[in-house]
Every structure is written in C-alpha cells, then in structure tokens.
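What follows is entry-v2.txt (compact mmCIF, C-alpha atoms).
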# COMPACT_ATOMS: atom_id res chain seq x y z
CA MET A 12 155.31 62.14 -158.36
CA HIS A 13 157.37 58.96 -158.62
CA THR A 14 160.35 59.06 -160.94
CA GLN A 15 159.03 56.15 -163.00
CA GLN A 16 155.64 57.79 -163.40
CA ARG A 17 157.28 61.03 -164.53
CA SER A 18 159.47 59.12 -166.94
CA GLU A 19 156.45 57.44 -168.52
CA GLU A 20 154.71 60.78 -168.82
CA THR A 21 157.74 62.26 -170.59
CA ARG A 22 157.77 59.30 -172.97
CA ALA A 23 154.07 59.80 -173.75
CA GLN A 24 154.62 63.55 -174.32
CA LEU A 25 157.50 62.82 -176.69
CA LEU A 26 155.42 60.32 -178.67
CA GLU A 27 152.52 62.75 -178.96
CA ALA A 28 154.80 65.57 -180.08
CA ALA A 29 156.57 63.26 -182.57
CA GLU A 30 153.26 62.23 -184.14
CA ALA A 31 152.30 65.87 -184.62
CA CYS A 32 155.74 66.71 -186.10
CA PHE A 33 155.84 63.74 -188.52
CA SER A 34 152.24 64.48 -189.63
CA GLU A 35 153.03 68.13 -190.33
CA SER A 36 156.55 67.91 -191.74
CA GLY A 37 157.00 64.32 -192.92
CA TYR A 38 159.85 62.12 -191.70
CA ASP A 39 162.71 64.19 -193.10
CA GLY A 40 161.20 67.54 -192.13
CA ALA A 41 160.66 66.58 -188.49
CA GLY A 42 163.68 66.91 -186.19
CA VAL A 43 164.54 65.84 -182.65
CA SER A 44 164.85 69.53 -181.60
CA GLU A 45 161.37 70.33 -182.86
CA ILE A 46 159.92 67.23 -181.16
CA CYS A 47 161.59 68.22 -177.85
CA ARG A 48 160.44 71.84 -178.12
CA ARG A 49 156.86 70.74 -178.76
CA ALA A 50 156.92 68.19 -175.92
CA GLY A 51 158.51 70.73 -173.55
CA VAL A 52 161.27 68.21 -172.83
CA SER A 53 165.08 68.42 -172.95
CA LYS A 54 167.19 66.66 -175.57
CA GLY A 55 168.79 64.70 -172.76
CA ALA A 56 165.38 63.34 -171.81
CA PHE A 57 164.67 62.47 -175.47
CA TYR A 58 167.87 60.44 -175.79
CA HIS A 59 167.16 58.75 -172.47
CA HIS A 60 164.00 57.28 -174.05
CA PHE A 61 164.89 56.94 -177.73
CA SER A 62 168.25 56.33 -179.36
CA THR A 63 167.37 58.11 -182.64
CA LYS A 64 164.57 59.84 -184.55
CA GLN A 65 164.04 56.52 -186.30
CA ALA A 66 163.53 54.76 -182.96
CA ILE A 67 160.71 57.10 -181.90
CA PHE A 68 159.19 56.82 -185.37
CA LEU A 69 159.16 53.00 -185.22
CA GLU A 70 157.73 53.04 -181.69
CA LEU A 71 154.93 55.33 -182.92
CA LEU A 72 154.20 53.01 -185.82
CA SER A 73 154.13 49.91 -183.60
CA ARG A 74 151.91 51.55 -180.98
CA TRP A 75 149.46 52.79 -183.56
CA LEU A 76 149.16 49.35 -185.13
CA GLU A 77 148.88 47.58 -181.75
CA GLY A 78 146.00 49.91 -180.81
CA LEU A 79 144.19 48.93 -184.01
CA ASP A 80 144.82 45.28 -183.17
CA THR A 81 143.13 45.56 -179.79
CA GLN A 82 140.13 47.26 -181.38
CA ILE A 83 139.81 44.55 -184.04
CA ALA A 84 140.02 41.75 -181.45
CA ARG A 85 137.34 43.48 -179.35
CA ALA A 86 135.05 43.91 -182.39
CA ARG A 87 135.40 40.20 -183.13
CA GLN A 88 134.59 39.18 -179.54
CA ASN A 89 131.50 41.37 -179.28
CA ALA A 90 129.92 40.56 -182.65
CA PRO A 91 127.51 37.64 -183.17
CA ASP A 92 129.30 36.50 -186.34
CA VAL A 93 132.24 37.36 -188.61
CA LEU A 94 130.20 39.41 -191.08
CA ALA A 95 128.86 41.53 -188.21
CA ALA A 96 132.42 41.95 -186.86
CA LEU A 97 133.57 43.21 -190.27
CA VAL A 98 130.72 45.77 -190.24
CA THR A 99 131.95 47.04 -186.84
CA ILE A 100 135.53 47.22 -188.12
CA ALA A 101 134.34 49.20 -191.15
CA GLY A 102 132.75 51.63 -188.68
CA MET A 103 136.14 52.01 -186.95
CA VAL A 104 137.79 52.94 -190.24
CA GLN A 105 134.99 55.46 -190.80
CA GLN A 106 135.74 57.00 -187.42
CA VAL A 107 139.39 57.48 -188.37
CA PHE A 108 138.18 59.60 -191.29
CA GLU A 109 135.47 61.37 -189.29
CA ALA A 110 137.97 62.29 -186.58
CA GLY A 111 139.38 64.56 -189.29
CA GLY A 112 142.24 64.41 -191.72
CA GLY A 113 144.58 65.79 -189.08
CA ARG A 114 146.11 62.44 -188.15
CA LEU A 115 146.06 60.90 -191.63
CA PRO A 116 149.31 62.37 -193.02
CA ILE A 117 151.27 60.20 -190.61
CA PHE A 118 150.39 57.24 -192.87
CA LEU A 119 152.13 58.76 -195.83
CA ALA A 120 155.22 59.28 -193.70
CA PHE A 121 155.04 55.61 -192.64
CA TRP A 122 154.76 54.42 -196.25
CA MET A 123 157.51 56.70 -197.53
CA GLN A 124 159.88 55.45 -194.86
CA ALA A 125 158.91 51.83 -195.51
CA ALA A 126 159.91 52.31 -199.15
CA ARG A 127 163.46 53.37 -198.32
CA ASP A 128 164.34 52.36 -194.77
CA PRO A 129 164.70 48.60 -194.17
CA ALA A 130 163.83 48.91 -190.45
CA ALA A 131 160.63 50.86 -191.16
CA TRP A 132 159.90 48.44 -193.99
CA SER A 133 160.12 45.40 -191.79
CA VAL A 134 157.83 46.94 -189.12
CA THR A 135 155.26 48.11 -191.70
CA VAL A 136 155.24 44.93 -193.76
CA GLY A 137 155.25 42.76 -190.64
CA HIS A 138 152.05 44.50 -189.56
CA TYR A 139 150.45 44.27 -193.01
CA ARG A 140 151.13 40.56 -193.00
CA HIS A 141 149.78 40.32 -189.47
CA TYR A 142 146.50 42.06 -190.45
CA HIS A 143 146.27 39.93 -193.49
CA ALA A 144 146.61 36.75 -191.39
CA LEU A 145 144.14 38.11 -188.84
CA PHE A 146 141.49 38.85 -191.49
CA ALA A 147 142.16 35.57 -193.31
CA ALA A 148 141.53 33.66 -190.05
CA MET A 149 138.35 35.65 -189.39
CA ILE A 150 137.05 34.97 -192.88
CA ALA A 151 137.85 31.27 -192.61
CA ASP A 152 135.79 31.28 -189.38
CA GLY A 153 133.01 33.10 -191.23
CA ILE A 154 132.98 30.48 -193.96
CA ALA A 155 132.87 27.71 -191.33
CA GLU A 156 129.95 29.35 -189.46
CA GLY A 157 128.11 30.20 -192.72
CA SER A 158 128.10 34.03 -192.51
CA ILE A 159 130.52 34.17 -195.49
CA ALA A 160 130.02 32.38 -198.81
CA PRO A 161 131.86 29.03 -199.15
CA THR A 162 133.13 30.08 -202.60
CA ILE A 163 135.29 32.84 -201.07
CA GLN A 164 139.03 32.29 -200.80
CA ALA A 165 139.86 33.52 -197.30
CA ASP A 166 143.37 34.58 -198.26
CA ALA A 167 142.33 36.70 -201.24
CA ALA A 168 139.39 38.24 -199.38
CA ALA A 169 141.67 39.25 -196.52
CA GLN A 170 144.05 40.86 -198.99
CA ALA A 171 141.15 42.72 -200.62
CA ILE A 172 140.07 44.12 -197.25
CA VAL A 173 143.56 45.26 -196.26
CA SER A 174 144.17 46.74 -199.73
CA LEU A 175 140.85 48.56 -199.77
CA GLY A 176 141.62 50.02 -196.35
CA ALA A 177 145.08 51.15 -197.44
CA GLY A 178 143.73 52.58 -200.72
CA LEU A 179 140.96 54.53 -198.99
CA ILE A 180 143.45 56.04 -196.56
CA LEU A 181 145.82 56.90 -199.42
CA GLN A 182 143.07 58.59 -201.41
CA GLY A 183 141.60 60.35 -198.40
CA LEU A 184 145.07 61.67 -197.71
CA LEU A 185 145.80 62.88 -201.20
CA ASP A 186 142.40 64.40 -201.89
CA PRO A 187 140.66 65.21 -198.60
CA GLN A 188 138.19 67.54 -200.35
CA GLY A 189 137.50 65.12 -203.22
CA ALA A 190 134.77 63.14 -201.47
CA ASP A 191 132.86 62.67 -198.24
CA TRP A 192 135.38 60.02 -197.21
CA ALA A 193 133.63 58.73 -194.10
CA HIS A 194 130.57 58.08 -196.28
CA VAL A 195 132.65 56.51 -199.07
CA VAL A 196 134.38 54.19 -196.60
CA GLY A 197 131.05 52.94 -195.32
CA ASP A 198 129.66 52.36 -198.82
CA SER A 199 132.87 50.75 -200.17
CA ILE A 200 133.04 48.26 -197.36
CA HIS A 201 129.34 47.54 -197.76
CA ILE A 202 130.05 46.51 -201.38
CA VAL A 203 132.87 44.17 -200.31
CA LEU A 204 130.73 42.64 -197.56
CA GLU A 205 127.92 42.12 -200.06
CA GLY A 206 130.49 40.29 -202.20
CA LEU A 207 131.46 38.05 -199.26
CA ARG A 208 127.91 37.22 -198.09
CA PRO A 209 126.39 33.93 -199.22
CA HIS A 210 123.83 34.49 -201.98
CA PRO A 211 121.05 32.11 -202.99
CA VAL A 212 121.82 30.72 -206.47
CA MET B 11 166.12 61.09 -240.68
CA HIS B 12 163.99 64.24 -240.48
CA THR B 13 164.84 66.64 -237.69
CA GLN B 14 161.34 66.43 -236.23
CA GLN B 15 161.43 62.65 -236.21
CA ARG B 16 164.79 62.65 -234.46
CA SER B 17 163.49 65.18 -231.94
CA GLU B 18 160.53 62.95 -231.11
CA GLU B 19 162.82 59.99 -230.73
CA THR B 20 165.03 61.92 -228.32
CA ARG B 21 161.97 62.92 -226.31
CA ALA B 22 160.85 59.28 -226.12
CA GLN B 23 164.34 58.16 -225.04
CA LEU B 24 164.41 60.80 -222.32
CA LEU B 25 160.99 59.74 -221.02
CA GLU B 26 162.01 56.08 -220.95
CA ALA B 27 165.27 56.86 -219.15
CA ALA B 28 163.44 59.14 -216.67
CA GLU B 29 160.95 56.40 -215.83
CA ALA B 30 163.78 53.98 -215.10
CA CYS B 31 165.64 56.57 -212.97
CA PHE B 32 162.57 57.62 -210.93
CA SER B 33 161.65 53.96 -210.37
CA GLU B 34 165.11 53.08 -209.14
CA SER B 35 166.09 56.18 -207.19
CA GLY B 36 162.82 57.96 -206.36
CA TYR B 37 162.13 61.56 -207.30
CA ASP B 38 164.88 63.15 -205.22
CA GLY B 39 167.49 60.54 -206.06
CA ALA B 40 167.03 60.84 -209.82
CA GLY B 41 168.90 63.70 -211.51
CA VAL B 42 168.88 65.30 -214.94
CA SER B 43 172.51 64.19 -215.50
CA GLU B 44 171.65 60.57 -214.77
CA ILE B 45 168.58 60.70 -217.04
CA CYS B 46 170.69 62.17 -219.89
CA ARG B 47 173.46 59.59 -219.40
CA ARG B 48 170.96 56.76 -219.49
CA ALA B 49 169.17 58.16 -222.55
CA GLY B 50 172.51 58.84 -224.31
CA VAL B 51 171.42 62.43 -224.84
CA SER B 52 173.07 65.79 -224.04
CA LYS B 53 171.84 68.13 -221.33
CA GLY B 54 171.18 70.71 -224.04
CA ALA B 55 168.79 68.27 -225.70
CA PHE B 56 167.11 67.58 -222.34
CA TYR B 57 166.45 71.26 -221.70
CA HIS B 58 165.22 71.69 -225.27
CA HIS B 59 162.41 69.26 -224.41
CA PHE B 60 161.81 69.79 -220.71
CA SER B 61 162.29 72.92 -218.61
CA THR B 62 163.00 71.02 -215.36
CA LYS B 63 163.15 67.58 -213.77
CA GLN B 64 159.63 68.26 -212.50
CA ALA B 65 158.42 68.89 -216.07
CA ILE B 66 159.60 65.49 -217.32
CA PHE B 67 158.16 63.85 -214.20
CA LEU B 68 154.73 65.41 -214.78
CA GLU B 69 154.81 64.49 -218.47
CA LEU B 70 155.57 60.90 -217.50
CA LEU B 71 152.70 60.86 -215.03
CA SER B 72 150.24 62.32 -217.57
CA ARG B 73 151.30 59.92 -220.33
CA TRP B 74 151.02 56.92 -218.09
CA LEU B 75 147.52 57.88 -217.00
CA GLU B 76 146.39 58.73 -220.53
CA GLY B 77 147.52 55.29 -221.69
CA LEU B 78 145.39 53.69 -218.97
CA ASP B 79 142.49 55.87 -220.10
CA THR B 80 142.64 54.58 -223.64
CA GLN B 81 142.76 50.99 -222.42
CA ILE B 82 139.73 51.51 -220.17
CA ALA B 83 137.71 53.13 -222.97
CA ARG B 84 138.60 50.23 -225.30
CA ALA B 85 137.57 47.66 -222.68
CA ARG B 86 134.22 49.42 -222.28
CA GLN B 87 133.58 49.48 -226.03
CA ASN B 88 134.42 45.82 -226.59
CA ALA B 89 132.48 44.37 -223.64
CA PRO B 90 128.82 43.32 -223.88
CA ASP B 91 127.94 45.06 -220.60
CA VAL B 92 129.49 47.11 -217.80
CA LEU B 93 130.10 44.14 -215.48
CA ALA B 94 132.00 42.37 -218.29
CA ALA B 95 134.00 45.57 -218.96
CA LEU B 96 135.00 45.71 -215.29
CA VAL B 97 136.20 42.11 -215.51
CA THR B 98 138.42 43.06 -218.48
CA ILE B 99 139.76 46.10 -216.62
CA ALA B 100 140.57 43.87 -213.63
CA GLY B 101 142.57 41.73 -216.04
CA MET B 102 144.54 44.82 -217.13
CA VAL B 103 145.46 45.57 -213.53
CA GLN B 104 146.54 41.95 -213.16
CA GLN B 105 148.81 42.37 -216.18
CA VAL B 106 150.51 45.38 -214.58
CA PHE B 107 151.45 43.07 -211.70
CA GLU B 108 152.34 40.13 -213.93
CA ALA B 109 154.62 42.34 -216.03
CA GLY B 110 156.76 42.32 -212.89
CA GLY B 111 157.37 44.69 -210.03
CA GLY B 112 159.95 46.57 -212.07
CA ARG B 113 157.68 49.43 -213.11
CA LEU B 114 155.66 49.61 -209.89
CA PRO B 115 158.00 51.78 -207.80
CA ILE B 116 157.23 54.73 -210.06
CA PHE B 117 153.82 54.90 -208.33
CA LEU B 118 155.37 55.49 -204.96
CA ALA B 119 157.41 58.32 -206.47
CA PHE B 120 154.20 59.80 -207.95
CA TRP B 121 152.39 59.62 -204.60
CA MET B 122 155.30 61.01 -202.62
CA GLN B 123 155.57 63.97 -204.96
CA ALA B 124 151.80 64.51 -204.89
CA ALA B 125 151.99 64.82 -201.11
CA ARG B 126 154.49 67.67 -201.20
CA ASP B 127 154.54 69.30 -204.64
CA PRO B 128 151.36 71.24 -205.58
CA ALA B 129 151.94 70.74 -209.34
CA ALA B 130 152.35 66.96 -208.96
CA TRP B 131 149.38 66.98 -206.58
CA SER B 132 147.10 68.66 -209.05
CA VAL B 133 148.05 66.27 -211.89
CA THR B 134 147.68 63.17 -209.65
CA VAL B 135 144.43 64.24 -208.02
CA GLY B 136 142.99 65.48 -211.30
CA HIS B 137 143.50 62.00 -212.71
CA TYR B 138 142.09 60.27 -209.64
CA ARG B 139 139.00 62.42 -209.94
CA HIS B 140 138.86 61.66 -213.65
CA TYR B 141 138.99 57.88 -213.06
CA HIS B 142 136.45 58.21 -210.35
CA ALA B 143 134.05 60.06 -212.70
CA LEU B 144 134.74 57.53 -215.47
CA PHE B 145 133.95 54.53 -213.25
CA ALA B 146 130.93 56.30 -211.70
CA ALA B 147 129.49 56.87 -215.21
CA MET B 148 130.19 53.24 -216.19
CA ILE B 149 128.48 51.96 -213.05
CA ALA B 150 125.47 54.23 -213.58
CA ASP B 151 125.22 52.73 -217.10
CA GLY B 152 125.49 49.25 -215.56
CA ILE B 153 122.64 50.00 -213.17
CA ALA B 154 120.52 51.32 -216.06
CA GLU B 155 121.21 48.22 -218.20
CA GLY B 156 120.71 45.83 -215.26
CA SER B 157 124.20 44.30 -215.03
CA ILE B 158 124.75 46.09 -211.69
CA ALA B 159 122.37 46.01 -208.71
CA PRO B 160 120.00 49.01 -208.44
CA THR B 161 120.85 49.37 -204.73
CA ILE B 162 124.46 50.33 -205.56
CA GLN B 163 125.48 53.99 -205.25
CA ALA B 164 127.51 54.61 -208.40
CA ASP B 165 129.67 57.25 -206.77
CA ALA B 166 130.67 55.11 -203.80
CA ALA B 167 131.22 52.02 -205.93
CA ALA B 168 133.53 53.98 -208.24
CA GLN B 169 135.48 55.21 -205.24
CA ALA B 170 135.75 51.64 -203.92
CA ILE B 171 137.18 50.46 -207.25
CA VAL B 172 139.75 53.25 -207.50
CA SER B 173 140.72 52.81 -203.84
CA LEU B 174 141.07 49.05 -204.15
CA GLY B 175 143.29 49.51 -207.21
CA ALA B 176 145.46 52.07 -205.43
CA GLY B 177 145.67 49.89 -202.30
CA LEU B 178 146.65 46.78 -204.25
CA ILE B 179 149.41 48.69 -206.03
CA LEU B 180 150.62 50.17 -202.74
CA GLN B 181 150.73 46.75 -201.07
CA GLY B 182 152.26 45.04 -204.07
CA LEU B 183 154.94 47.73 -204.02
CA LEU B 184 155.73 47.49 -200.35
CA ASP B 185 155.64 43.72 -200.10
CA PRO B 186 156.27 42.15 -203.52
CA GLN B 187 157.11 38.77 -201.96
CA GLY B 188 154.14 38.87 -199.54
CA ALA B 189 151.59 37.37 -201.93
CA ASP B 190 150.98 36.19 -205.47
CA TRP B 191 149.74 39.69 -206.35
CA ALA B 192 148.41 38.99 -209.83
CA HIS B 193 146.25 36.25 -208.30
CA VAL B 194 145.18 38.45 -205.37
CA VAL B 195 144.19 41.25 -207.75
CA GLY B 196 141.94 38.90 -209.72
CA ASP B 197 140.30 37.49 -206.60
CA SER B 198 139.87 40.88 -204.90
CA ILE B 199 138.16 42.38 -207.87
CA HIS B 200 135.99 39.29 -208.19
CA ILE B 201 134.72 39.94 -204.65
CA VAL B 202 133.89 43.57 -205.46
CA LEU B 203 132.14 42.58 -208.70
CA GLU B 204 130.14 39.99 -206.78
CA GLY B 205 129.13 42.82 -204.43
CA LEU B 206 127.98 44.94 -207.41
CA ARG B 207 126.04 42.21 -209.24
CA PRO B 208 122.28 42.05 -208.77
CA HIS B 209 121.31 39.17 -206.44
CA PRO B 210 117.93 37.51 -206.16
CA VAL B 211 116.37 38.45 -202.79
Show me this structure written as structure tokens.
Amino acid sequence: MHTQQRSEETRAQLLEAAEACFSESGYDGAGVSEICRRAGVSKGAFYHHFSTKQAIFLELLSRWLEGLDTQIARARQNAPDVLAALVTIAGMVQQVFEAGGGRLPIFLAFWMQAARDPAAWSVTVGHYRHYHALFAAMIADGIAEGSIAPTIQADAAAQAIVSLGAGLILQGLLDPQGADWAHVVGDSIHIVLEGLRPHPV
Amino acid sequence: MHTQQRSEETRAQLLEAAEACFSESGYDGAGVSEICRRAGVSKGAFYHHFSTKQAIFLELLSRWLEGLDTQIARARQNAPDVLAALVTIAGMVQQVFEAGGGRLPIFLAFWMQAARDPAAWSVTVGHYRHYHALFAAMIADGIAEGSIAPTIQADAAAQAIVSLGAGLILQGLLDPQGADWAHVVGDSIHIVLEGLRPHPV
C-alpha cells in the first residue's frame, strides 16, 4: 500500500471514530485518546492529521455539510422543477431519520459548540447562511418558472425550510420515541410545500 | 411587609437573577453564589426556596412554559376560528424575537440540559408533547369547523408547527445578525398557514 493511501485511510478512520465518540459523549466527553483507541491509531498519527480535538470536530462538521450540499445539488439537477426538487430533498431528510437516531446526537454537539466556540460558530453559521442562500435561489427559480407562487418571498421561504429542518432534527433528537419522525418529516414538509405552491384564487 | 409576601418576593428575585445568569453563562457557568449576588439574597434564603441549582433551573423552565400556555389558551379563546388563533400565536412568537435576543440564550441552556440531564429532559419533553397535543387538538377543531383543509393530518401539522418554532428560535439564537428574525418568523408561519388553509381544487 502506498504511504499516501495509508495516510488517507488513517484520516478516514479517525474521522469515523471521532463522529462515534462525539455522538456518544458530546464534545467535552470525547477525548483524543478515546478517538485513537476506537480508530486503532496512535496519538502520533492523530496529531499528524489534526492539530487539536477542535480541528477534527470542525473537519467533521464541514464534511458532513459538504456531503449534504452535493446531494441537494444533485436533487435540483435531476428534478423537472423546483417544487419537485424540494420533494426529493424532503425525502433525503426523511432518510436521515429512517437511518436511525444513531447519528443524530452529533447535531446537538455541533450546536452546543457553536454557542460557545467562535470557530465552531463561524463554520456552523457559515453553512446555515449557505443553505439559506441556496434555498432562496432555488425558490426564486421556482417563482420564475411558475412552480412556486409569485406571492412567496424567496428569502423568508428559504429561512422557513432551513428552520423547519433544524427544528425537526432538534425534536427528533430530544424525543426520539415521541413520534414516528420519518413520517412527521414527510408530512411537515408537505404542508410547507402546499404553502409554497401556486393556488387558484 | 408580611413574611409570606417577602418570601414570595425573594423567590421572584432569585428566579429573575437565575434567568439572567443561565442566559449569560449557560447552565454550567452559572452558580448559586452568582445567582444570590445578583438577586441580593443570602445563600440561606436560596436554599430555603430551592434545594439545588437544578431545582431553580427546572422551576424557571416550567414557569416559562406555563406562561406560554396561558397565552396560547387566551389566543384560542379570543379568535373567531383556529386559523385566526394560529395567526395570533405567530404574532406572539414574533414578539419574543422583537423583545430582543437577550432572553433567547436561555433556550439553548434548556436544550443542552435536556440532552444530558434526565430531570431536565423529562420537563422539556413533557412540555413539547403537551404543546404538540394542544396544537393537534386545535388543528382537529379547525378541520371540523372548516378553517383548515380536511386533507391535513392534525398530528403531523402540530409537529410541523412546534418544530418550526423550535427551529426558528435555534437559528435566531445562533445567528442573531443573520436575518430580520421577527420578519422571518411572520413570513415562515404565513407559509405554513397557507399550507393548512383549504384551497379550491
């Protein structure tokens, strides 16, 4: 195996182990030793890839959000119109819930850190703003093509979508047994889409 | 002044000081000493009213949510129909934002504690479930009276409303400068209400 290939594999193992540790123990509870033990990697190797626990945390956050980005762009390309693309994206959110609550607690760790760590804040908020801009542009396209009502304010609608997504994740996290979340996500987004659709007067 | 009256005043001062401390420093950062100093009250008086820091935190959470309850019930009574009541409630949420971000950080402290402290979890989730049931009943009434579309599932719509509210608060908290939140709240809820309203086919 080439050295570079092995190095990338180690990096991937560390990121996977870190995600599991942050999900289980939160940001403060997770330690570099535990991440290394779980990844089967030495501390030397950890510090070769990441300068601090915060660095691996921020990398995890960025990667996760970039993955979502790619999926959203693909949904937009493959759908006949904006409203249809939003339906596909709603389905992606549903899958996150259906895949099981196991990966959800990482969100709470992201939010907690954003509230008190300026570096985590700027990554998190940068991405929120990015999603907001992305949805606002999509909705403006939808209004132009006629799949979304002309009375809708693209900016506010985008904010509603991002907020609903964040709120559903927060609630699903706090009360996993309180509802059939995958079902609720589908129905909630259906209501918002119905609110965006043009209606005959 | 009667002893009982003074005792109630002390309790109120402690609760007000605790809210300010939790908002500024989070749950872990806020201490009983700091709360007492801010309230101008002795530690003896604190422990006369509350057994622990957790106890005053939970009391604060319950009071806050009960206050919201009363306001929601009043909005329902004074509105001609359910859709109009939901518009009034949306206005209340807007006011929370307009009153300034100052009191918002307490929410993040509530959520953080709910994620790791079973007592805080059960109070928080109990109230979420309560709001969910309250909105689900309102929406079922709205469907019966015709102000809400018969195709709406009351349970899912209630969950969408609670999630949107939680998500807006979360986003407003994390990125107070990112949007005109009071305006976004109004527009977001307008979209959801438009999705709930009966539309001619």
* Asked: Would you list which chain B residues are within 8 Å of chain A using all atoms listed in the file, as JSON, numbers by chain?
  -> {"B": [118, 122, 124, 125, 131, 135, 139, 162, 163, 166, 167, 169, 170, 172, 173, 174, 175, 176, 177, 178, 180, 181, 184, 185, 188, 194, 195, 197, 198, 199, 201, 202, 203, 204, 205, 206, 209, 210, 211]}
What does the file look like for those residues with C-alpha atoms, as a PDB file, in the coordinates of the input?
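Output file selection08.pdb is given in full below:
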ATOM      1  CA  LEU B 118     155.370  55.490-204.960  1.00  0.00           C
ATOM      2  CA  MET B 122     155.300  61.010-202.620  1.00  0.00           C
ATOM      3  CA  ALA B 124     151.800  64.510-204.890  1.00  0.00           C
ATOM      4  CA  ALA B 125     151.990  64.820-201.110  1.00  0.00           C
ATOM      5  CA  TRP B 131     149.380  66.980-206.580  1.00  0.00           C
ATOM      6  CA  VAL B 135     144.430  64.240-208.020  1.00  0.00           C
ATOM      7  CA  ARG B 139     139.000  62.420-209.940  1.00  0.00           C
ATOM      8  CA  ILE B 162     124.460  50.330-205.560  1.00  0.00           C
ATOM      9  CA  GLN B 163     125.480  53.990-205.250  1.00  0.00           C
ATOM     10  CA  ALA B 166     130.670  55.110-203.800  1.00  0.00           C
ATOM     11  CA  ALA B 167     131.220  52.020-205.930  1.00  0.00           C
ATOM     12  CA  GLN B 169     135.480  55.210-205.240  1.00  0.00           C
ATOM     13  CA  ALA B 170     135.750  51.640-203.920  1.00  0.00           C
ATOM     14  CA  VAL B 172     139.750  53.250-207.500  1.00  0.00           C
ATOM     15  CA  SER B 173     140.720  52.810-203.840  1.00  0.00           C
ATOM     16  CA  LEU B 174     141.070  49.050-204.150  1.00  0.00           C
ATOM     17  CA  GLY B 175     143.290  49.510-207.210  1.00  0.00           C
ATOM     18  CA  ALA B 176     145.460  52.070-205.430  1.00  0.00           C
ATOM     19  CA  GLY B 177     145.670  49.890-202.300  1.00  0.00           C
ATOM     20  CA  LEU B 178     146.650  46.780-204.250  1.00  0.00           C
ATOM     21  CA  LEU B 180     150.620  50.170-202.740  1.00  0.00           C
ATOM     22  CA  GLN B 181     150.730  46.750-201.070  1.00  0.00           C
ATOM     23  CA  LEU B 184     155.730  47.490-200.350  1.00  0.00           C
ATOM     24  CA  ASP B 185     155.640  43.720-200.100  1.00  0.00           C
ATOM     25  CA  GLY B 188     154.140  38.870-199.540  1.00  0.00           C
ATOM     26  CA  VAL B 194     145.180  38.450-205.370  1.00  0.00           C
ATOM     27  CA  VAL B 195     144.190  41.250-207.750  1.00  0.00           C
ATOM     28  CA  ASP B 197     140.300  37.490-206.600  1.00  0.00           C
ATOM     29  CA  SER B 198     139.870  40.880-204.900  1.00  0.00           C
ATOM     30  CA  ILE B 199     138.160  42.380-207.870  1.00  0.00           C
ATOM     31  CA  ILE B 201     134.720  39.940-204.650  1.00  0.00           C
ATOM     32  CA  VAL B 202     133.890  43.570-205.460  1.00  0.00           C
ATOM     33  CA  LEU B 203     132.140  42.580-208.700  1.00  0.00           C
ATOM     34  CA  GLU B 204     130.140  39.990-206.780  1.00  0.00           C
ATOM     35  CA  GLY B 205     129.130  42.820-204.430  1.00  0.00           C
ATOM     36  CA  LEU B 206     127.980  44.940-207.410  1.00  0.00           C
ATOM     37  CA  HIS B 209     121.310  39.170-206.440  1.00  0.00           C
ATOM     38  CA  PRO B 210     117.930  37.510-206.160  1.00  0.00           C
ATOM     39  CA  VAL B 211     116.370  38.450-202.790  1.00  0.00           C
TER      40      VAL B 211
END
* Shell of 8 Å around Cys32 (chain A), all atoms listed in the file, local chain residues under 5 positions omitted, as a list in words -> Gly37, Ala41, Gly42, Glu45 and Ile46 of chain A
* To do: Find the residues around Cys46 (chain B) up to 8 Å (all atoms listed in the file counted), leave out those fewer than 5 positions away in its own chain, and share them as a count of residues only.
  => 6
* **Separation of CA of Ile159 (chain A) from CA of Asp91 (chain B), in Å and rounded to one decimal** => 27.5 Å
* **Within 12 Å of file point (131.7, 51.3, -221.9), counting all atoms listed in the file, expressed as a PyMOL selection string** => chain B and resi 79-96+98-99+144-152+155
* **Atomic separation - CA of Ala49 (chain B) relative to CA of Glu26 (chain B), Å** =>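 Separating CA of Glu26 (chain B) from CA of Ala49 (chain B) is a distance of 7.6 Å.
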* Quick one: residues within 9 Å of (149.6, 48.3, -188.4) (file frame), counting only C-alpha atoms, please, as an NGL selection string. => :A and (72-80 or 134-139 or 141-142)
* **Contacts of Pro209 (chain A) within 9 Å, only C-alpha atoms, excl. fewer than 5 positions in-chain, as JSON, numbers by chain** => {"A": [157, 158, 159, 160, 161, 162]}
* Asked: Which of these, A:Ile117, A:Ala101, A:His59, A:Gln106, has the shortest distance to Ala29 (chain A) once you count only C-alpha atoms?
  -> A:Ile117
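Restricting the calculation to all atoms listed in the file, the smallest distance between Leu70 (chain B) and any of B:Leu25, B:Ile153, B:Ala143, B:Ala164 is found for B:Leu25.
Nearest-residue note for Ala55 (chain B): choosing from B:Ala154, B:Leu68, B:Val97, B:Ser43, the minimum distance belongs to B:Ser43, counting all atoms listed in the file.
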* To do: Could you tell me how far CA of Gln123 (chain B) lies from CA of Thr62 (chain B), in Å and to one decimal?
  =>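 One can read the CA of Gln123 (chain B) to CA of Thr62 (chain B) distance as 14.6 Å.
Across B:Arg47, B:Glu29, B:Phe117, B:Ala22, the tightest approach to His59 (chain B) is made by B:Ala22 when counting only C-alpha atoms.
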